[in-house]
Amino acid sequence: MSPALRRAALAAALTLAAPAAAFAVQPGEELSDPAQEARARALSAELRCMVCQNQSIDDSDAPLAKDLRVLVRERISAGDSDKDVISFLTARYGDFVLLRPRFTWETALLWLFAPAVLLAGLLGYLVFVVRARRVEVAGAGLTEAERARLEALLAREDERA
Amino acid sequence: MIAETGHYALVLALALALLQSVLPIWGARTRDAALMGLAGPLAYGQLAFVALSFAALTHAYVTSDFSVVNVVENSHSAKPLIYKISGVWGNHEGSLLLWVLILTLFSALVAFFGKNLPDRLRADVLGVQAMISVAFLLFVLLTSNPFARLDPAPMEGQDLNPLLQDPGLAIHPPLLYVGYVGFSMAFSFAVAALIEGKVDAAWARWVRPWTLGAWLFLTLGIAMGSYWAYYELGWGGFWFWDPVENASLMPWLSGTALLHSAVVMEKREALKVWTVLLALLTFALSLLGTFLVRSGVLTSVHAFAVDPARGVAILIILIVFVGGSLALYALRAPTLKQGGMFAPVSREGALVLNNLFLTAATAAVFVGTLYPLALEAMTGEKISVGPPFFNNTFGPLMLPVMLVMPFAPLLAWKRGDAARAARAMVYAVGVAVVATALVAGFARGGPTLAPLGVGLALFAITGAFAELVERSKLFRAPFAESVRRLRGAPSSTWGSALAHAGMGVTLLGVVAATAWPSEAVVALKPGQSVSISGYDLTFEGVSQRPGPNYASTIAALTVRKDGAVVRRLEPSRRLYAARQMDLTEASIATFGLSQLYASMGEARGDDATALRVTYKPLVTLIWFGAVIMALGGGLSLADRRLRVGAPRRAAKPVPVSAHPAPAE
């Protein structure tokens with residue numbers, strides 16, 4: 001059963017499923033130079049196995065993933081920089097191969113959504129704090145009796161806390 | 001006959017649900033006590049009929065009744081009994097039935113435990129619960145009937161997907177569903193509050209235990225699923241940022257935010273408008289998760305377009321409930337009176353920060369999960385959003401959460417003393433700095449930021465107990481006095497300390513296991529060895545062994561440390577005959593908190609066998625952390641139970657020693 005099918009079966013049957021890669025990097029695939037191999041592994045984790053669901057070529061045991069792993073290692077051995085490898089692959093397979101989408105007009109909303117939510121939240125909170133302060137200032141105009149009562153209440157509150 | 005009974009019971013449950021969704025709410029409007037009083041009996045009746053229906057389906061599975069399509073498609077007479085039972089919810093139709101069963105169970109629980117709720121609130125809550133029930137019962141009956149018959153009945157079934165034949169999978173969906181569906185309580189309470197136009201501390205006190213309970217189960221469910229994926233999928237990953245996982249993570253994140261904002265509301269009557277919105281959103285995310293998983297939209301946008309009946313039905317449910325509740329919210333929320341004010345540096349302030357960052361983190365997961373689907377549906381362009389995206393967005397947003405977490409309990413309500421809180425945290429900062437320095441000095445390899453991750457995790461773990469240390473005057477008062485004070489601390493204080501520490505424990509496991517694993521990918525012939533992290537593994541050879549409904553090929557490995565045999569590993573591959581499916585079974589040996597993980601590759605031409613062995617330091621902490629979190633939730637729940645439903649705000653915590661919490 002191909003990994004893609006396996007994944008589909010899982011997703012259909014489950015609420016929590018995950019990629020079914022039994023065996024990713026095969027013996028004999030690794031490069032002899034540890035530094036180059038480390039680069040290859042890091043790059044592989046950024047590249048999608050296109051016949052699988054949301055799996056990197058580093059994790060997948062699909063034949064295509066194996067071909068891509070070998071290809072990445074060939075490029076690295078040939079002296080390509082990480083950037084060269086990426087542009088070589090995107091030229092061939094399109095942006096779909098990248099697990100970290102490039103920042104473009106089409107992905108701007110994707111990248112900026114969470115920061116925007118955070119910013120909006122912070123702004124809202126700021127407004128809330130400023131308003132609270134204004135209420136506090138307005139609340140300063142208490143009569144003597146009110147102030148004394150407030151002090152007493154606050155003192156009690158402090159004791160409890 | 002039994003299958004038809006189950007089907008008919010569902011129809012009856014639908015009838016009761018329809019009544020329950022109209023009469024009590026009508027009664028609440030017209031102040032008709034009799035109509036409002038119907039909510040309870042109707043909820044019990046609904047539960048009884050759905051349970052009957054579920055029992056009927058279980059019966060069909062246990063007796064291997066192959067005249068029922070669902071059983072044929074997902075069972076096999078040779079399947080072990082436990083998987084015959086868990087197979088009931090290991091498929092689309094059955095899992096929806098489980099969903100409805102848990103939903104009606106929750107309704108019945110509210111009816112049972114909610115006797116001291118205000119009548120109208122109780123009637124409204126049960127009415128809203130019943131509306132959800134109606135939607136899902138209709139969905140099951142119209143598009144996903146689990147009792148459909150097959151004539152002529154085949155002699156044998158097609159077996160359950162082998163991946164699902166696992167003890168972990170028997171309990172994972174129920175746990176997860178209790179979490180998902182549990183958040184429907186928060187939703188129903190929020191809608192009821194909006195209908196009533198009244199939200200107060202008593203409301204928050206009611207919502208919190210239900211939310212906490214749901215959160216606890218969801219935490220365990222997610223952890224269970226993660227561990228299952230880890231050992232079952234054969235290569236030792238524990239989180240994949242898969243849409244299906246994200247579907248469960250989103251309600252968890254917003255549910256966590258909801259728990260915290262509900263605390264503020266209960267104690268200070270502040271953040272009302274926000275808490276109600278979070279309650280609505282959390283359940284909306286649960287529904288979204290159900291949609292993502294059940295509609296098939298994930299497999300492919302096109303598959304969804306080709307057979308849209310189910311997907312569209314869930315989409316309609318989603319739109320009606322989310323849209324309806326948000327419209328109600330827009331209408332009624334402005335009438336909710338805002339409560340207590342507070343300074344930015346205060347318990348409330350810290351909890352607001354927690355909420356902001358958790359919400360933004362939820363947004364990151366949300367957009368990362370749905371954006372590729374939306375983009376493809378609109379422009380036809382395909383992009384991939386994978387782990388690197390989530391690590392870049394979700395990670396930085398969770399960082400402040402971990403940093404602020406230990407401070408919050410140290411700050412007083414309304415106006416906190418930052419300097420005092422900082423003093424209480426000095427030791428935690430010390431531990432973090434020393435740990436970071438030690439790890440940076442001794443660790444070989446791994447990302448440069450990893451030692452900081454370890455520091456942060458230890459900061460969170462030790463800092464979680466800062467409030468208890470403060471409270472007990474540890475090292476400042478006589479030891480016996482401190483112990484007495486610790487024992488006297490309310491169990492909710494212990495609960496939040498544990499839950500916060502659990503977060504740190506999980507982080508520690510994640511950092512250690514991803515930064516410093518050692519891995520060997522080798523092809524070994526019998527008698528050959530491989531060394532990894534101080535363990536020598538000798539390959540003994542391959543053997544065959546039959547299982548109940550599969551045949552397995554086992555690779556035997558002897559694990560030696562310093563020459564002495566310490567363990568045996570038996571990674572295997574199973575062939576499930578009924579589905580002609582080949583599965584890898586990893587073999588795991590636990591040493592302390594770390595694990596040695598072995599999996600077996602496909603057979604090769606020569607007599608060598610491909611093996612992948614990974615040593616994962618502290619990996620078990622990932623799941624222990626989640627268990628600790630759930631334990632903290634449980635402790636907190638035990639405390640809450642004593643005060644649940646108290647109509648008025650309880651007295652502020654009395655001096656600790658005078659009032660020991662009995663739940664300890």
# chains A, B, ... in the order shown; residues from 1 in each chain; ligands from 1

call {"tool": "residues_around", "arguments": {"residues": "Glu196 of chain B", "least_positions_apart": "4", "cutoff": "12 Å", "atoms": "only C-alpha atoms", "output": "PyMOL selection string"}}
result
chain B and resi 25+28-29+118-125+189-192+200+203+328-329+332-333+335-336

call {"tool": "closest_atom_pairs", "arguments": {"of": "chain B", "to": "chain A", "cutoff": "7 Å", "atoms": "only C-alpha atoms", "output": "tab-separated table"}}
result
residue	atom	partner	partner_atom	distance
B:Gly90	CA	A:Ala13	CA	5.8
B:Asn91	CA	A:Ala13	CA	4.8
B:His92	CA	A:Ala13	CA	6.1
B:Pro173	CA	A:Thr15	CA	6.8
B:Gly225	CA	A:Leu16	CA	6.2
B:Ala229	CA	A:Ala18	CA	6.3
B:Leu233	CA	A:Ala20	CA	4.9
B:Gly234	CA	A:Ala22	CA	4.6
B:Trp235	CA	A:Ala22	CA	5.7
B:Phe240	CA	A:Ala18	CA	6.4
B:Asp242	CA	A:Ala18	CA	6.2
B:Val244	CA	A:Leu16	CA	5.2
B:Glu245	CA	A:Leu16	CA	5.3
B:Val293	CA	A:Thr15	CA	6.0
B:Arg294	CA	A:Ala12	CA	6.8
B:Gly296	CA	A:Ala12	CA	6.7
B:Thr299	CA	A:Ala8	CA	5.9
B:Met341	CA	A:Ala132	CA	6.1
B:Pro344	CA	A:Val129	CA	7.0
B:Leu356	CA	A:Gly121	CA	6.1
B:Phe357	CA	A:Leu118	CA	6.7
B:Ala360	CA	A:Ala114	CA	5.2
B:Ala361	CA	A:Ala114	CA	6.8
B:Ala363	CA	A:Ala114	CA	5.2
B:Ala364	CA	A:Ala114	CA	4.8
B:Val367	CA	A:Leu110	CA	6.0
B:Gly368	CA	A:Leu110	CA	6.7
B:Tyr371	CA	A:Leu110	CA	6.4
B:Lys382	CA	A:Phe96	CA	5.8
B:Ile383	CA	A:Phe96	CA	4.4
B:Ser384	CA	A:Leu99	CA	5.1
B:Val385	CA	A:Leu99	CA	5.1
B:Gly386	CA	A:Leu99	CA	4.5
B:Pro387	CA	A:Leu99	CA	6.9
B:Pro388	CA	A:Arg100	CA	5.3
B:Phe389	CA	A:Arg100	CA	5.0
B:Val521	CA	A:Pro27	CA	5.4
B:Val522	CA	A:Pro27	CA	5.0
B:Ala523	CA	A:Pro27	CA	6.0
B:Met581	CA	A:Met1	CA	6.0
B:Asp582	CA	A:Met1	CA	6.9
B:Thr584	CA	A:Ala22	CA	6.0
B:Gly601	CA	A:Phe23	CA	6.0
B:Ala610	CA	A:Pro27	CA	6.8
B:Lys652	CA	A:Arg160	CA	6.7
B:Pro653	CA	A:Arg160	CA	6.9
B:Val654	CA	A:Arg160	CA	6.7

call {"tool": "residues_around", "arguments": {"residues": "Met600 of chain B", "least_positions_apart": "2", "cutoff": "9 Å", "atoms": "only C-alpha atoms", "output": "list in words"}}
result
Ala22 and Phe23 of chain A; Gly234, Ile554, Ala555, Glu570, Pro571, Ser572, Arg573, Thr584, Glu585, Ala586, Ala598, Glu602, Ala603, Thr609, Ala610, Leu611, Arg612 and Val613 of chain B

call {"tool": "closest_residue", "arguments": {"among": "B:Gly311, B:Gly349, B:Gly157, B:Gly323", "to": "Ser77 of chain B", "atoms": "only C-alpha atoms"}}
result
B:Gly157

call {"tool": "residues_around", "arguments": {"residues": "Ala38 of chain A", "least_positions_apart": "5", "cutoff": "12 Å", "atoms": "only C-alpha atoms", "output": "list in words"}}
result
Glu30, Leu31, Ser32, Asp33, Leu43, Ser44, Ala45, Asp58, Val72, Arg73, Ile76 and Asp82 of chain A; Gly445, Gly446 and Pro447 of chain B

call {"tool": "closest_residue", "arguments": {"among": "B:Ala60, B:Ala111, B:Leu410, B:Ile314", "to": "Leu96 of chain B", "atoms": "only C-alpha atoms"}}
result
B:Ile314

call {"tool": "atom_distance", "arguments": {"atom1": "atom CA of Ala327 of chain B", "atom2": "atom CA of Leu370 of chain B"}}
result
22.8 Å

call {"tool": "closest_atom_pairs", "arguments": {"of": "segment 180-223 of chain B", "to": "segment 247-267 of chain B", "cutoff": "6 Å", "atoms": "only C-alpha atoms", "output": "Markdown table"}}
result
| residue | atom | partner | partner_atom | distance |
| --- | --- | --- | --- | --- |
| B:Ala201 | CA | B:Glu266 | CA | 4.3 |
| B:Ala204 | CA | B:Glu266 | CA | 5.1 |
| B:Arg205 | CA | B:Glu266 | CA | 5.9 |

call {"tool": "atom_distance", "arguments": {"atom1": "atom CA of Leu287 of chain B", "atom2": "atom CA of Thr5 of chain B"}}
result
28.7 Å

call {"tool": "atom_distance", "arguments": {"atom1": "atom CA of Glu470 of chain B", "atom2": "atom CA of Leu438 of chain B"}}
result
27.4 Å

call {"tool": "residues_around", "arguments": {"residues": "Gly625 of chain B", "least_positions_apart": "4", "cutoff": "9 Å", "atoms": "only C-alpha atoms", "output": "list in words"}}
result
Ala499, Ala501, Gly502, Met503, Gly504, Val505, Thr506, Leu507, Leu508, Gly509, Thr620, Leu621, Met629 and Ala630 of chain B

call {"tool": "select_by_dssp", "arguments": {"residues": "segment 63-100 of chain A", "states": "helix (DSSP H, G or I)", "output": "count of residues only"}}
result
30

call {"tool": "residues_around", "arguments": {"residues": "Phe112 of chain B", "least_positions_apart": "5", "cutoff": "12 Å", "atoms": "only C-alpha atoms", "output": "list in words"}}
result
Ala39, Gly40, Pro41, Leu42, Ala43, Tyr44, Leu105, Phe106, Ser107, Leu117, Arg122 and Leu126 of chain B

call {"tool": "decode", "arguments": {"residues": "segment 310-353 of chain B", "atoms": "N, CA and C atoms", "output": "PDB file, in the first residue's frame"}}
result
ATOM      1  N   ARG B 310     -21.572  14.504   2.318  1.00  0.00           N
ATOM      2  CA  ARG B 310     -21.227  14.574   3.734  1.00  0.00           C
ATOM      3  C   ARG B 310     -20.548  15.880   4.088  1.00  0.00           C
ATOM      4  N   GLY B 311     -19.581  16.249   3.236  1.00  0.00           N
ATOM      5  CA  GLY B 311     -18.836  17.474   3.512  1.00  0.00           C
ATOM      6  C   GLY B 311     -19.757  18.675   3.570  1.00  0.00           C
ATOM      7  N   VAL B 312     -20.654  18.766   2.610  1.00  0.00           N
ATOM      8  CA  VAL B 312     -21.561  19.920   2.587  1.00  0.00           C
ATOM      9  C   VAL B 312     -22.461  19.908   3.811  1.00  0.00           C
ATOM     10  N   ALA B 313     -22.912  18.707   4.208  1.00  0.00           N
ATOM     11  CA  ALA B 313     -23.769  18.627   5.386  1.00  0.00           C
ATOM     12  C   ALA B 313     -23.033  19.168   6.616  1.00  0.00           C
ATOM     13  N   ILE B 314     -21.788  18.750   6.793  1.00  0.00           N
ATOM     14  CA  ILE B 314     -21.051  19.249   7.972  1.00  0.00           C
ATOM     15  C   ILE B 314     -20.792  20.738   7.831  1.00  0.00           C
ATOM     16  N   LEU B 315     -20.534  21.154   6.599  1.00  0.00           N
ATOM     17  CA  LEU B 315     -20.285  22.576   6.374  1.00  0.00           C
ATOM     18  C   LEU B 315     -21.519  23.390   6.764  1.00  0.00           C
ATOM     19  N   ILE B 316     -22.699  22.858   6.423  1.00  0.00           N
ATOM     20  CA  ILE B 316     -23.934  23.570   6.787  1.00  0.00           C
ATOM     21  C   ILE B 316     -24.071  23.623   8.311  1.00  0.00           C
ATOM     22  N   ILE B 317     -23.809  22.477   8.973  1.00  0.00           N
ATOM     23  CA  ILE B 317     -23.864  22.464  10.440  1.00  0.00           C
ATOM     24  C   ILE B 317     -22.916  23.523  10.997  1.00  0.00           C
ATOM     25  N   LEU B 318     -21.709  23.548  10.430  1.00  0.00           N
ATOM     26  CA  LEU B 318     -20.686  24.485  10.888  1.00  0.00           C
ATOM     27  C   LEU B 318     -21.164  25.926  10.724  1.00  0.00           C
ATOM     28  N   ILE B 319     -21.712  26.217   9.541  1.00  0.00           N
ATOM     29  CA  ILE B 319     -22.131  27.594   9.255  1.00  0.00           C
ATOM     30  C   ILE B 319     -23.302  27.990  10.151  1.00  0.00           C
ATOM     31  N   VAL B 320     -24.265  27.081  10.304  1.00  0.00           N
ATOM     32  CA  VAL B 320     -25.431  27.406  11.125  1.00  0.00           C
ATOM     33  C   VAL B 320     -25.007  27.695  12.564  1.00  0.00           C
ATOM     34  N   PHE B 321     -24.181  26.813  13.128  1.00  0.00           N
ATOM     35  CA  PHE B 321     -23.848  26.982  14.533  1.00  0.00           C
ATOM     36  C   PHE B 321     -22.865  28.120  14.771  1.00  0.00           C
ATOM     37  N   VAL B 322     -21.855  28.192  13.936  1.00  0.00           N
ATOM     38  CA  VAL B 322     -20.874  29.259  14.131  1.00  0.00           C
ATOM     39  C   VAL B 322     -21.485  30.603  13.759  1.00  0.00           C
ATOM     40  N   GLY B 323     -22.106  30.642  12.578  1.00  0.00           N
ATOM     41  CA  GLY B 323     -22.710  31.894  12.134  1.00  0.00           C
ATOM     42  C   GLY B 323     -23.817  32.339  13.076  1.00  0.00           C
ATOM     43  N   GLY B 324     -24.680  31.401  13.416  1.00  0.00           N
ATOM     44  CA  GLY B 324     -25.794  31.739  14.302  1.00  0.00           C
ATOM     45  C   GLY B 324     -25.321  32.271  15.638  1.00  0.00           C
ATOM     46  N   SER B 325     -24.358  31.550  16.234  1.00  0.00           N
ATOM     47  CA  SER B 325     -23.928  31.968  17.561  1.00  0.00           C
ATOM     48  C   SER B 325     -23.178  33.303  17.493  1.00  0.00           C
ATOM     49  N   LEU B 326     -22.422  33.511  16.420  1.00  0.00           N
ATOM     50  CA  LEU B 326     -21.689  34.780  16.315  1.00  0.00           C
ATOM     51  C   LEU B 326     -22.658  35.942  16.064  1.00  0.00           C
ATOM     52  N   ALA B 327     -23.713  35.673  15.299  1.00  0.00           N
ATOM     53  CA  ALA B 327     -24.714  36.721  15.082  1.00  0.00           C
ATOM     54  C   ALA B 327     -25.386  37.089  16.404  1.00  0.00           C
ATOM     55  N   LEU B 328     -25.744  36.052  17.155  1.00  0.00           N
ATOM     56  CA  LEU B 328     -26.335  36.282  18.473  1.00  0.00           C
ATOM     57  C   LEU B 328     -25.372  37.075  19.352  1.00  0.00           C
ATOM     58  N   TYR B 329     -24.116  36.716  19.217  1.00  0.00           N
ATOM     59  CA  TYR B 329     -23.083  37.394  20.009  1.00  0.00           C
ATOM     60  C   TYR B 329     -23.011  38.875  19.647  1.00  0.00           C
ATOM     61  N   ALA B 330     -22.996  39.140  18.326  1.00  0.00           N
ATOM     62  CA  ALA B 330     -22.907  40.530  17.885  1.00  0.00           C
ATOM     63  C   ALA B 330     -24.105  41.326  18.397  1.00  0.00           C
ATOM     64  N   LEU B 331     -25.248  40.633  18.447  1.00  0.00           N
ATOM     65  CA  LEU B 331     -26.473  41.291  18.881  1.00  0.00           C
ATOM     66  C   LEU B 331     -26.473  41.563  20.386  1.00  0.00           C
ATOM     67  N   ARG B 332     -26.043  40.569  21.146  1.00  0.00           N
ATOM     68  CA  ARG B 332     -26.250  40.632  22.591  1.00  0.00           C
ATOM     69  C   ARG B 332     -25.023  41.030  23.385  1.00  0.00           C
ATOM     70  N   ALA B 333     -23.822  40.778  22.839  1.00  0.00           N
ATOM     71  CA  ALA B 333     -22.613  41.023  23.640  1.00  0.00           C
ATOM     72  C   ALA B 333     -22.520  42.467  24.139  1.00  0.00           C
ATOM     73  N   PRO B 334     -22.911  43.472  23.317  1.00  0.00           N
ATOM     74  CA  PRO B 334     -22.785  44.846  23.821  1.00  0.00           C
ATOM     75  C   PRO B 334     -23.623  45.092  25.073  1.00  0.00           C
ATOM     76  N   THR B 335     -24.658  44.248  25.292  1.00  0.00           N
ATOM     77  CA  THR B 335     -25.481  44.482  26.477  1.00  0.00           C
ATOM     78  C   THR B 335     -24.847  43.897  27.745  1.00  0.00           C
ATOM     79  N   LEU B 336     -23.809  43.067  27.561  1.00  0.00           N
ATOM     80  CA  LEU B 336     -23.163  42.484  28.741  1.00  0.00           C
ATOM     81  C   LEU B 336     -22.353  43.571  29.436  1.00  0.00           C
ATOM     82  N   LYS B 337     -22.543  43.680  30.725  1.00  0.00           N
ATOM     83  CA  LYS B 337     -21.836  44.735  31.456  1.00  0.00           C
ATOM     84  C   LYS B 337     -20.407  44.297  31.742  1.00  0.00           C
ATOM     85  N   GLN B 338     -19.470  45.178  31.459  1.00  0.00           N
ATOM     86  CA  GLN B 338     -18.091  44.857  31.784  1.00  0.00           C
ATOM     87  C   GLN B 338     -17.868  45.001  33.277  1.00  0.00           C
ATOM     88  N   GLY B 339     -17.051  44.125  33.807  1.00  0.00           N
ATOM     89  CA  GLY B 339     -16.834  44.126  35.248  1.00  0.00           C
ATOM     90  C   GLY B 339     -15.553  44.822  35.655  1.00  0.00           C
ATOM     91  N   GLY B 340     -14.879  44.210  36.615  1.00  0.00           N
ATOM     92  CA  GLY B 340     -13.762  44.830  37.327  1.00  0.00           C
ATOM     93  C   GLY B 340     -12.626  45.340  36.454  1.00  0.00           C
ATOM     94  N   MET B 341     -12.052  46.431  36.870  1.00  0.00           N
ATOM     95  CA  MET B 341     -10.876  46.997  36.212  1.00  0.00           C
ATOM     96  C   MET B 341      -9.625  46.386  36.844  1.00  0.00           C
ATOM     97  N   PHE B 342      -8.518  46.450  36.112  1.00  0.00           N
ATOM     98  CA  PHE B 342      -7.268  45.962  36.700  1.00  0.00           C
ATOM     99  C   PHE B 342      -6.078  46.655  36.056  1.00  0.00           C
ATOM    100  N   ALA B 343      -4.979  46.670  36.778  1.00  0.00           N
ATOM    101  CA  ALA B 343      -3.744  47.259  36.256  1.00  0.00           C
ATOM    102  C   ALA B 343      -3.091  46.258  35.316  1.00  0.00           C
ATOM    103  N   PRO B 344      -2.257  46.719  34.366  1.00  0.00           N
ATOM    104  CA  PRO B 344      -1.584  45.789  33.450  1.00  0.00           C
ATOM    105  C   PRO B 344      -0.749  44.755  34.194  1.00  0.00           C
ATOM    106  N   VAL B 345      -0.058  45.187  35.257  1.00  0.00           N
ATOM    107  CA  VAL B 345       0.703  44.216  36.041  1.00  0.00           C
ATOM    108  C   VAL B 345      -0.201  43.681  37.135  1.00  0.00           C
ATOM    109  N   SER B 346      -0.823  42.552  36.867  1.00  0.00           N
ATOM    110  CA  SER B 346      -1.739  41.938  37.819  1.00  0.00           C
ATOM    111  C   SER B 346      -2.001  40.531  37.311  1.00  0.00           C
ATOM    112  N   ARG B 347      -2.679  39.730  38.131  1.00  0.00           N
ATOM    113  CA  ARG B 347      -3.010  38.380  37.683  1.00  0.00           C
ATOM    114  C   ARG B 347      -3.835  38.459  36.398  1.00  0.00           C
ATOM    115  N   GLU B 348      -4.804  39.384  36.393  1.00  0.00           N
ATOM    116  CA  GLU B 348      -5.639  39.535  35.200  1.00  0.00           C
ATOM    117  C   GLU B 348      -4.788  39.876  33.987  1.00  0.00           C
ATOM    118  N   GLY B 349      -3.845  40.816  34.205  1.00  0.00           N
ATOM    119  CA  GLY B 349      -2.984  41.255  33.103  1.00  0.00           C
ATOM    120  C   GLY B 349      -2.197  40.089  32.511  1.00  0.00           C
ATOM    121  N   ALA B 350      -1.641  39.259  33.415  1.00  0.00           N
ATOM    122  CA  ALA B 350      -0.851  38.116  32.949  1.00  0.00           C
ATOM    123  C   ALA B 350      -1.740  37.138  32.187  1.00  0.00           C
ATOM    124  N   LEU B 351      -2.977  36.953  32.682  1.00  0.00           N
ATOM    125  CA  LEU B 351      -3.878  36.016  32.017  1.00  0.00           C
ATOM    126  C   LEU B 351      -4.338  36.559  30.669  1.00  0.00           C
ATOM    127  N   VAL B 352      -4.432  37.892  30.570  1.00  0.00           N
ATOM    128  CA  VAL B 352      -4.774  38.480  29.278  1.00  0.00           C
ATOM    129  C   VAL B 352      -3.657  38.198  28.271  1.00  0.00           C
ATOM    130  N   LEU B 353      -2.406  38.351  28.724  1.00  0.00           N
ATOM    131  CA  LEU B 353      -1.275  38.044  27.842  1.00  0.00           C
ATOM    132  C   LEU B 353      -1.331  36.593  27.388  1.00  0.00           C
TER     133      LEU B 353
END
